[in-house]
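Student: Just passing along the structure, written as structure tokens.
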Protein chains: 2
Amino acid sequence: MNINDERLWQTLMHSATIGPGVAGGLSRLTLTEADGAMRRTFASWAADAGLQTTVDAAGNMFVRLGGAMDGPPVLIGSHLDTQVAGGRFDGILGVLAGLEILKTLKENDVAPTRPIEVVNFTNEEGARFSPPMMASAVFAGVETLDWLYARTDRDGVRYGDALAAIGFCGEAPVGKPADAYFELHIEQGPELYDEGLDLGIVTGAFAVRGITATFHGETAHTGPTPMARRKNALVAAAIAAAAVDEIGRAHAPIGKATVARLTAWPNTPGILSSEASLTVDARHADPFVADTMRDKMLLALAQAAEKANVTLKIAAEWRFGDERFDQGMMENLRAAATARGATHKDMLSQAGHDAYYVSRVAPTAILFCPCVDGVTHNEAEDVPRPAVTKAANVLLDAVLARANRP
Amino acid sequence: MNINDERLWQTLMHSATIGPGVAGGLSRLTLTEADGAMRRTFASWAADAGLQTTVDAAGNMFVRLGGAMDGPPVLIGSHLDTQVAGGRFDGILGVLAGLEILKTLKENDVAPTRPIEVVNFTNEEGARFSPPMMASAVFAGVETLDWLYARTDRDGVRYGDALAAIGFCGEAPVGKPADAYFELHIEQGPELYDEGLDLGIVTGAFAVRGITATFHGETAHTGPTPMARRKNALVAAAIAAAAVDEIGRAHAPIGKATVARLTAWPNTPGILSSEASLTVDARHADPFVADTMRDKMLLALAQAAEKANVTLKIAAEWRFGDERFDQGMMENLRAAATARGATHKDMLSQAGHDAYYVSRVAPTAILFCPCVDGVTHNEAEDVPRPAVTKAANVLLDAVLARANRP
């Protein structure tokens, strides 16, 4: 039994027309009109296949294929939202491959022992509402629905209001027992592509240590104010940002450290900025090294504040990457890959995924497929069609093995 | 003859209530409703004193006291707009002291030989529409009215539309012959205050060299993307910003170098920024050193681009500070200060002023009064009332000497 390769590709290419970017990719921010349109299209594809869609109060969508037994379903999922300059496959592949698997099973009259459901998690990217993966966090009981609804975007719009506005605030409670959760995702790095491998079996996660810091100085004239009297918060943020990048380079090639966001106020010609904020993170395969990188970032932030004569406040710190994935499900994936003749290796995930949160409440596994040159979060993101087909067929076999196990 | 100290102070304090900030200062951005309200109040004060106000097509306002002779007027002026976190005196003192001088002359039945006019130049600050001093630039014939109208703020609103919206697009042509231009302004630096002097006679300007640079990189995932493959434009801007601040410190205490604005796109967690822009400037009393500082900034920008593996484009460069002020008017100010028992020194201006542009078309002088601790472009900006009184009386005498000269 094989998935319908042509049909899966068509749904991916159709998705790529909903909320397009400016350079061939997607700019489908969560809970926008484009996201709403994609969600309606997704639900209509499910309905056309005779599959029912349920929406929970966080906006997470579940498409169900019943099993011979009732009970907790095997979940397949990812997300349909994108970055502001996102690709056509990041997240989307995992959801649409899941739907294709359900269609394939249904038209082959295969009734799995356990139900199988495809899930689209809301706002994995965190590009509009921060932090990322917030709806899977509520699904896993890590955050509350009230917290979720109160998140605001840069225009002050609440998540709860944006969700209602596109008509996807469902009635189902958020969170439910699951037998397993499979997530097929592009690697978002260059390893598989560079090594010419078909698939990656994710055994664990890079440790991530994030910090949001705010600097407080004083506004003053950009001209006459002597250098020694300046308290330019923007300078502190810039010095710290440069230092964080250095920390990443010092720990390369395994380690990474990132300056992702820097804001300042008033940030206008003629006036020194009294406030600046910086969001940084460090990632490493070894959690002890990641901790060291975090300590170095904190030191760099403090030194930058001292240099610029401003005060530093650590507004937030976060960490993830302690996730443990399910050995039996990894074995399902390895066996399916081998049977399909797909080359593969075990590897770590370096990006965050909804699977991280779901792994707290259900056995979980992630399957990676290569993306060209490792390019992602970029409109040029690409995956060759044969790679999509191979990954979806391996996922089909692994899911079925899990759903049919005794 | 003395100005009415109580009346001048009341107008300054009344102005401080129109477009207030959050910390005791002002946030009266140009061509906003608050600016419109201040302009109407200013014109009503003039009308109450029997003085007529003319508005030109750039929004510049002129309040006129006729002279015994007709002919080009002696101008006194500055600006009524402020930074987003501005003070109660920056610019405002020069305009309201000018109005108080006209009132004083009128109620003392003093008819000067030449007409005297007080001018409020639109958008000196450049906090909403960039660059600063744009309406005095048109007054001086350096820029055109079409150019002025087409400038846009961050929301895309055109200067011409904003001017019409507050009802201050006048019919008078922009620019006219002037016998002289006096500008009283707070020093915006700490020298006079630290040295306990009453006044500064401005003999020239610091040389200013400004650059707006843009960096172009590529969006990518903040996690798995190897450090060596990253093209994070935000990192380039941060490295360059830190280097510019260093250049300023290396040339202190005379030299200053400033990072005033840094923007990036998408500037969002999860994604590296493909574009970043940086506005910097360097200032020095010696134009040759200012040129050296500019060269160092250009080198730092190029090195930052190379380090972050992005491309650099110099979007704009500007320079000012070659202004020459009028020796006779400086002598008017020195003589008036000495006669009033006001301590004073000659000094350079480090900030830009409308006087810089006006000096291209009319003899010009600037008089500085101290501001407490040199704090400015900050809501805490303050000038003691006796300092205001002394400066306004010296200005009165100098203006009258100029207007009455044979």
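The way I read the labels, and the way they are meant: chains A, B, ... in the order of the structure tokens, residue 1 as the first residue of every chain, and ligand 1 as the first ligand shown, with later ones counted on from there.
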Quick one: everything within 12 Å of stretch 331-333 of chain A, counting only C-alpha atoms, minus sequence neighbours fewer than 4 positions away in the same chain. Send it as an NGL selection string.

Tutor: :A and (180 or 182-184 or 199-203 or 325-327 or 337-340 or 342-346 or 364-368 or 391-405)

Student: Contacts from chain B to chain A, 8 Å maximum, only C-alpha atoms: show me the residue list as a short mmCIF file (atom, residue, chain, number, x, y, z; two decimals) with N, CA and C atoms, in the first residue's frame.

Tutor:
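Contents of result_22.cif, freshly written:
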data_model
loop_
_atom_site.label_atom_id
_atom_site.label_comp_id
_atom_site.auth_asym_id
_atom_site.auth_seq_id
_atom_site.Cartn_x
_atom_site.Cartn_y
_atom_site.Cartn_z
N GLN B 83 10.66 66.14 20.72
CA GLN B 83 10.90 64.71 20.58
C GLN B 83 9.76 63.93 21.24
N VAL B 84 9.71 62.62 21.05
CA VAL B 84 8.66 61.81 21.66
C VAL B 84 8.82 61.80 23.18
N ALA B 85 10.03 61.92 23.66
CA ALA B 85 10.28 62.10 25.09
C ALA B 85 11.10 63.37 25.22
N GLU B 125 12.63 68.82 14.92
CA GLU B 125 13.16 67.63 15.59
C GLU B 125 13.41 66.44 14.66
N GLY B 126 12.59 66.30 13.64
CA GLY B 126 12.76 65.11 12.80
C GLY B 126 12.33 63.83 13.50
N ALA B 127 11.57 63.97 14.58
CA ALA B 127 11.18 62.78 15.34
C ALA B 127 10.03 62.03 14.68
N GLN B 188 21.77 72.17 25.47
CA GLN B 188 21.63 70.73 25.19
C GLN B 188 22.93 69.97 25.45
N GLY B 189 23.77 70.56 26.27
CA GLY B 189 24.97 69.90 26.75
C GLY B 189 25.25 70.48 28.12
N PRO B 190 26.24 69.96 28.83
CA PRO B 190 26.44 70.35 30.22
C PRO B 190 27.44 71.48 30.46
N GLU B 218 19.95 36.79 4.83
CA GLU B 218 18.92 35.82 4.46
C GLU B 218 18.19 35.35 5.71
N THR B 219 16.87 35.20 5.59
CA THR B 219 16.15 34.59 6.70
C THR B 219 16.53 33.12 6.78
N ALA B 220 16.49 32.56 7.99
CA ALA B 220 16.78 31.15 8.22
C ALA B 220 16.30 30.84 9.62
N HIS B 221 16.27 29.55 9.94
CA HIS B 221 15.83 29.13 11.27
C HIS B 221 16.90 29.49 12.29
N THR B 222 16.44 29.99 13.45
CA THR B 222 17.40 30.38 14.49
C THR B 222 18.03 29.18 15.18
N GLY B 223 17.46 28.00 14.97
CA GLY B 223 17.99 26.85 15.68
C GLY B 223 19.05 26.09 14.90
N PRO B 224 18.64 25.24 13.98
CA PRO B 224 19.59 24.31 13.35
C PRO B 224 20.59 24.97 12.38
N THR B 225 20.30 26.17 11.89
CA THR B 225 21.19 26.75 10.88
C THR B 225 22.61 26.91 11.45
N PRO B 226 23.61 26.25 10.85
CA PRO B 226 24.98 26.35 11.39
C PRO B 226 25.46 27.80 11.40
N MET B 227 26.26 28.14 12.38
CA MET B 227 26.77 29.51 12.49
C MET B 227 27.45 29.93 11.19
N ALA B 228 28.19 29.00 10.58
CA ALA B 228 28.98 29.35 9.40
C ALA B 228 28.11 29.64 8.18
N LEU B 234 20.75 41.34 11.34
CA LEU B 234 20.67 41.97 12.66
C LEU B 234 22.00 41.91 13.38
N VAL B 235 22.72 40.81 13.22
CA VAL B 235 24.04 40.68 13.85
C VAL B 235 25.01 41.71 13.26
N ALA B 237 24.29 44.61 12.01
CA ALA B 237 23.92 45.93 12.54
C ALA B 237 24.38 46.09 13.98
N ALA B 238 24.26 45.02 14.76
CA ALA B 238 24.66 45.08 16.17
C ALA B 238 26.18 45.25 16.29
N ILE B 239 26.94 44.48 15.51
CA ILE B 239 28.40 44.61 15.55
C ILE B 239 28.81 46.03 15.17
N ALA B 241 27.00 48.75 15.32
CA ALA B 241 26.54 49.71 16.33
C ALA B 241 27.51 49.76 17.51
N ALA B 242 27.95 48.59 17.95
CA ALA B 242 28.91 48.54 19.06
C ALA B 242 30.21 49.23 18.66
N ASP B 245 29.90 53.10 18.70
CA ASP B 245 29.98 53.63 20.06
C ASP B 245 31.44 53.67 20.52
N GLY B 248 33.20 56.66 19.13
CA GLY B 248 32.87 57.85 19.91
C GLY B 248 33.71 57.94 21.18
N ARG B 249 33.83 56.80 21.87
CA ARG B 249 34.60 56.80 23.12
C ARG B 249 36.08 57.06 22.86
N ALA B 252 36.49 60.80 22.62
CA ALA B 252 35.98 61.62 23.73
C ALA B 252 37.15 62.36 24.38
N PRO B 253 36.95 63.48 25.05
CA PRO B 253 35.63 64.03 25.36
C PRO B 253 35.07 64.95 24.27
N ILE B 254 35.90 65.38 23.32
CA ILE B 254 35.35 66.30 22.31
C ILE B 254 34.44 65.57 21.33
N LYS B 256 32.00 62.73 19.56
CA LYS B 256 30.87 61.88 19.93
C LYS B 256 30.49 61.04 18.72
N ALA B 257 30.11 59.81 18.94
CA ALA B 257 29.56 58.99 17.85
C ALA B 257 28.35 58.27 18.40
N THR B 258 27.32 58.24 17.60
CA THR B 258 26.00 57.85 18.12
C THR B 258 25.32 56.80 17.26
N VAL B 259 24.76 55.81 17.92
CA VAL B 259 23.84 54.87 17.30
C VAL B 259 22.45 55.31 17.73
N ALA B 260 21.69 55.87 16.80
CA ALA B 260 20.40 56.44 17.18
C ALA B 260 19.23 55.56 16.77
N ARG B 261 19.44 54.72 15.75
CA ARG B 261 18.30 53.94 15.26
C ARG B 261 18.81 52.64 14.65
N LEU B 262 18.21 51.54 15.05
CA LEU B 262 18.53 50.23 14.50
C LEU B 262 17.22 49.49 14.27
N THR B 263 16.98 49.07 13.04
CA THR B 263 15.77 48.29 12.76
C THR B 263 16.17 47.02 12.02
N ALA B 264 15.36 45.98 12.16
CA ALA B 264 15.63 44.72 11.47
C ALA B 264 14.31 44.10 11.03
N PRO B 266 12.79 40.07 9.71
CA PRO B 266 11.53 40.17 10.46
C PRO B 266 11.73 40.52 11.95
N ASN B 267 12.93 40.38 12.50
CA ASN B 267 13.18 40.75 13.89
C ASN B 267 12.21 40.04 14.83
N THR B 268 12.11 38.74 14.66
CA THR B 268 11.12 37.92 15.37
C THR B 268 11.80 36.66 15.87
N PRO B 269 11.44 36.19 17.07
CA PRO B 269 12.01 34.91 17.53
C PRO B 269 11.75 33.79 16.51
N GLY B 270 12.74 32.94 16.33
CA GLY B 270 12.57 31.79 15.45
C GLY B 270 13.16 31.98 14.08
N ILE B 271 13.49 33.22 13.71
CA ILE B 271 13.94 33.47 12.34
C ILE B 271 15.07 34.50 12.34
N LEU B 272 16.09 34.23 11.53
CA LEU B 272 17.17 35.19 11.38
C LEU B 272 16.69 36.33 10.48
N SER B 273 17.19 37.53 10.71
CA SER B 273 16.73 38.70 9.95
C SER B 273 17.49 38.85 8.64
N THR B 279 21.27 53.86 11.67
CA THR B 279 21.55 55.29 11.48
C THR B 279 22.53 55.74 12.55
N ARG B 283 30.43 63.43 15.54
CA ARG B 283 30.53 64.89 15.66
C ARG B 283 31.87 65.25 16.31
N SER B 349 28.24 75.07 18.78
CA SER B 349 27.00 74.30 18.89
C SER B 349 27.28 72.86 18.45
N GLN B 350 26.81 71.90 19.23
CA GLN B 350 27.03 70.49 18.87
C GLN B 350 25.78 69.85 18.27
N ALA B 351 24.63 70.43 18.53
CA ALA B 351 23.37 69.93 17.98
C ALA B 351 23.00 70.74 16.74
N GLY B 374 22.81 69.46 31.77
CA GLY B 374 22.93 69.17 30.35
C GLY B 374 21.87 68.19 29.85
N VAL B 375 20.89 67.86 30.70
CA VAL B 375 19.86 66.88 30.32
C VAL B 375 18.89 67.50 29.32
N THR B 376 18.70 66.83 28.19
CA THR B 376 17.78 67.31 27.15
C THR B 376 17.34 66.11 26.31
N HIS B 377 16.36 66.32 25.43
CA HIS B 377 15.73 65.18 24.76
C HIS B 377 15.39 64.13 25.81
N ASN B 378 14.83 64.63 26.88
CA ASN B 378 14.49 63.83 28.05
C ASN B 378 13.43 64.64 28.76
#

Student: So which residues touch B:Gly24 within 9 Å, counting only C-alpha atoms, skipping near sequence neighbours fewer than 2 positions away, as a list of chain:residue names?

Tutor: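 Contacts, in chain order: B:Ala16, B:Pro20, B:Gly21, B:Val22, B:Leu26, B:Gly87, B:Arg88, B:Glu379, B:Ala380.
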
Student: Limited to N, CA, C and O atoms, could you put the picked residues into a file as a tab-separated table (two decimals), in the first residue's frame?

Tutor:
chain	number	residue	atom	x	y	z
B	16	ALA	N	3.80	73.60	28.34
B	16	ALA	CA	4.19	72.30	28.90
B	16	ALA	C	2.98	71.41	29.19
B	16	ALA	O	3.15	70.22	29.48
B	20	PRO	N	1.52	66.61	26.66
B	20	PRO	CA	2.45	66.21	27.72
B	20	PRO	C	2.98	64.79	27.51
B	20	PRO	O	2.32	63.95	26.90
B	21	GLY	N	4.17	64.54	28.03
B	21	GLY	CA	4.74	63.20	28.04
B	21	GLY	C	4.21	62.43	29.24
B	21	GLY	O	3.14	62.73	29.75
B	22	VAL	N	4.97	61.46	29.68
B	22	VAL	CA	4.54	60.63	30.80
B	22	VAL	C	5.32	60.94	32.06
B	22	VAL	O	5.05	60.40	33.13
B	26	LEU	N	7.41	66.80	27.55
B	26	LEU	CA	6.49	66.91	26.42
B	26	LEU	C	6.71	65.78	25.42
B	26	LEU	O	7.82	65.25	25.29
B	87	GLY	N	11.65	67.74	26.23
B	87	GLY	CA	11.58	68.64	27.36
B	87	GLY	C	10.66	69.82	27.10
B	87	GLY	O	10.11	69.99	26.01
B	88	ARG	N	10.54	70.70	28.10
B	88	ARG	CA	9.62	71.83	28.02
B	88	ARG	C	10.26	73.08	27.42
B	88	ARG	O	9.56	74.07	27.20
B	379	GLU	N	12.42	63.97	29.29
B	379	GLU	CA	11.32	64.72	29.91
B	379	GLU	C	11.78	65.50	31.15
B	379	GLU	O	11.12	66.44	31.57
B	380	ALA	N	12.91	65.10	31.70
B	380	ALA	CA	13.42	65.79	32.90
B	380	ALA	C	14.14	67.10	32.57
B	380	ALA	O	14.57	67.82	33.48

Student: Would you list the contacts of stretch 45-51 of chain B as a VMD selection string, taking every protein, DNA or RNA residue within 7 Å and counting only C-alpha atoms, but skipping same-chain residues closer than 4 positions in sequence?

Tutor: chain B and resid 41 63 to 65 103

Student: Please, which residues of stretch 214-398 of chain B, numbered as in this document, come out alpha helix (DSSP H) from DSSP, as a PyMOL selection string?

Tutor: chain B and resi 233-250+287-308+327-339+354-358+385-398

Student: For A:Thr212, which residue among A:Ala57, A:Leu278, A:Leu99, A:Met347 is the nearest when counting only C-alpha atoms?

Tutor: A:Leu278

Student: Taking into account only C-alpha atoms, which residue in the set A:Ala305, A:Ala135, A:Ile101, A:Met69 is nearest to A:Ile3?

Tutor: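 The shortest atom-to-atom distance to A:Ile3 comes from A:Ile101.
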
Student: Neighbours of B:Val361 within 12 Å (only C-alpha atoms; same-chain residues fewer than 3 positions away dropped), as a ChimeraX atom specification?

Tutor: /B:72,136-142,175-181,323-326,354-358,364

Student: Go ahead and save the picked residues with N, CA and C atoms, as an mmCIF file, in the first residue's frame.

Tutor:
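The result, written out as again-v3.cif:
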data_model
loop_
_atom_site.group_PDB
_atom_site.id
_atom_site.type_symbol
_atom_site.label_atom_id
_atom_site.label_comp_id
_atom_site.auth_asym_id
_atom_site.auth_seq_id
_atom_site.Cartn_x
_atom_site.Cartn_y
_atom_site.Cartn_z
ATOM 1 N N PRO B 72 13.259 94.015 4.999
ATOM 2 C CA PRO B 72 13.437 92.675 5.580
ATOM 3 C C PRO B 72 13.458 92.737 7.099
ATOM 4 N N SER B 136 12.984 74.569 7.761
ATOM 5 C CA SER B 136 13.969 75.651 7.615
ATOM 6 C C SER B 136 14.862 75.390 6.404
ATOM 7 N N ALA B 137 15.014 74.119 6.049
ATOM 8 C CA ALA B 137 15.774 73.807 4.830
ATOM 9 C C ALA B 137 15.054 74.340 3.592
ATOM 10 N N VAL B 138 13.726 74.232 3.577
ATOM 11 C CA VAL B 138 12.965 74.781 2.451
ATOM 12 C C VAL B 138 12.986 76.314 2.508
ATOM 13 N N PHE B 139 12.873 76.854 3.711
ATOM 14 C CA PHE B 139 12.953 78.312 3.884
ATOM 15 C C PHE B 139 14.245 78.850 3.281
ATOM 16 N N ALA B 140 15.329 78.078 3.461
ATOM 17 C CA ALA B 140 16.643 78.525 2.978
ATOM 18 C C ALA B 140 16.896 78.124 1.528
ATOM 19 N N GLY B 141 15.914 77.481 0.895
ATOM 20 C CA GLY B 141 16.083 77.109 -0.515
ATOM 21 C C GLY B 141 16.957 75.891 -0.737
ATOM 22 N N VAL B 142 17.254 75.161 0.341
ATOM 23 C CA VAL B 142 18.101 73.962 0.222
ATOM 24 C C VAL B 142 17.280 72.772 -0.272
ATOM 25 N N GLY B 175 10.119 81.083 2.410
ATOM 26 C CA GLY B 175 11.384 81.781 2.189
ATOM 27 C C GLY B 175 11.139 83.239 1.862
ATOM 28 N N LYS B 176 11.922 84.093 2.482
ATOM 29 C CA LYS B 176 11.789 85.538 2.220
ATOM 30 C C LYS B 176 13.054 86.211 2.726
ATOM 31 N N PRO B 177 13.335 87.416 2.240
ATOM 32 C CA PRO B 177 14.527 88.128 2.701
ATOM 33 C C PRO B 177 14.407 88.442 4.190
ATOM 34 N N ALA B 178 15.502 88.286 4.912
ATOM 35 C CA ALA B 178 15.527 88.614 6.338
ATOM 36 C C ALA B 178 16.785 89.424 6.621
ATOM 37 N N ASP B 179 16.641 90.397 7.471
ATOM 38 C CA ASP B 179 17.802 91.213 7.856
ATOM 39 C C ASP B 179 18.745 90.409 8.743
ATOM 40 N N ALA B 180 18.165 89.525 9.563
ATOM 41 C CA ALA B 180 18.967 88.761 10.514
ATOM 42 C C ALA B 180 18.093 87.666 11.106
ATOM 43 N N TYR B 181 18.736 86.662 11.705
ATOM 44 C CA TYR B 181 17.997 85.615 12.422
ATOM 45 C C TYR B 181 18.714 85.319 13.730
ATOM 46 N N GLU B 323 28.613 75.776 9.054
ATOM 47 C CA GLU B 323 27.926 77.055 9.186
ATOM 48 C C GLU B 323 28.843 78.131 9.750
ATOM 49 N N ARG B 324 28.663 79.349 9.263
ATOM 50 C CA ARG B 324 29.388 80.517 9.795
ATOM 51 C C ARG B 324 28.354 81.496 10.321
ATOM 52 N N PHE B 325 28.547 81.931 11.549
ATOM 53 C CA PHE B 325 27.600 82.857 12.136
ATOM 54 C C PHE B 325 28.141 84.289 12.041
ATOM 55 N N ASP B 326 27.242 85.244 12.255
ATOM 56 C CA ASP B 326 27.560 86.639 11.950
ATOM 57 C C ASP B 326 28.315 87.314 13.093
ATOM 58 N N ASP B 354 17.678 75.074 13.469
ATOM 59 C CA ASP B 354 17.153 75.747 12.277
ATOM 60 C C ASP B 354 18.096 76.854 11.824
ATOM 61 N N ALA B 355 18.806 77.457 12.785
ATOM 62 C CA ALA B 355 19.750 78.537 12.472
ATOM 63 C C ALA B 355 20.807 78.092 11.452
ATOM 64 N N TYR B 356 21.122 76.789 11.460
ATOM 65 C CA TYR B 356 22.133 76.312 10.515
ATOM 66 C C TYR B 356 21.687 76.604 9.078
ATOM 67 N N TYR B 357 20.446 76.234 8.779
ATOM 68 C CA TYR B 357 19.949 76.480 7.411
ATOM 69 C C TYR B 357 19.748 77.966 7.144
ATOM 70 N N VAL B 358 19.157 78.658 8.125
ATOM 71 C CA VAL B 358 18.866 80.077 7.901
ATOM 72 C C VAL B 358 20.160 80.850 7.648
ATOM 73 N N THR B 364 23.146 85.350 10.858
ATOM 74 C CA THR B 364 22.523 84.507 11.887
ATOM 75 C C THR B 364 23.396 84.424 13.125
#

Student: I need the residues of stretch 51-174 of chain A that end up classed as strand (DSSP E) by DSSP on the backbone, written out as a list in words.

Tutor: Gln52, Thr53, Thr54, Val55, Met61, Phe62, Val63, Arg64, Leu65, Val74, Leu75, Ile76, Gly77, Ser78, Ile116, Glu117, Val118, Val119 and Asn120 of chain A
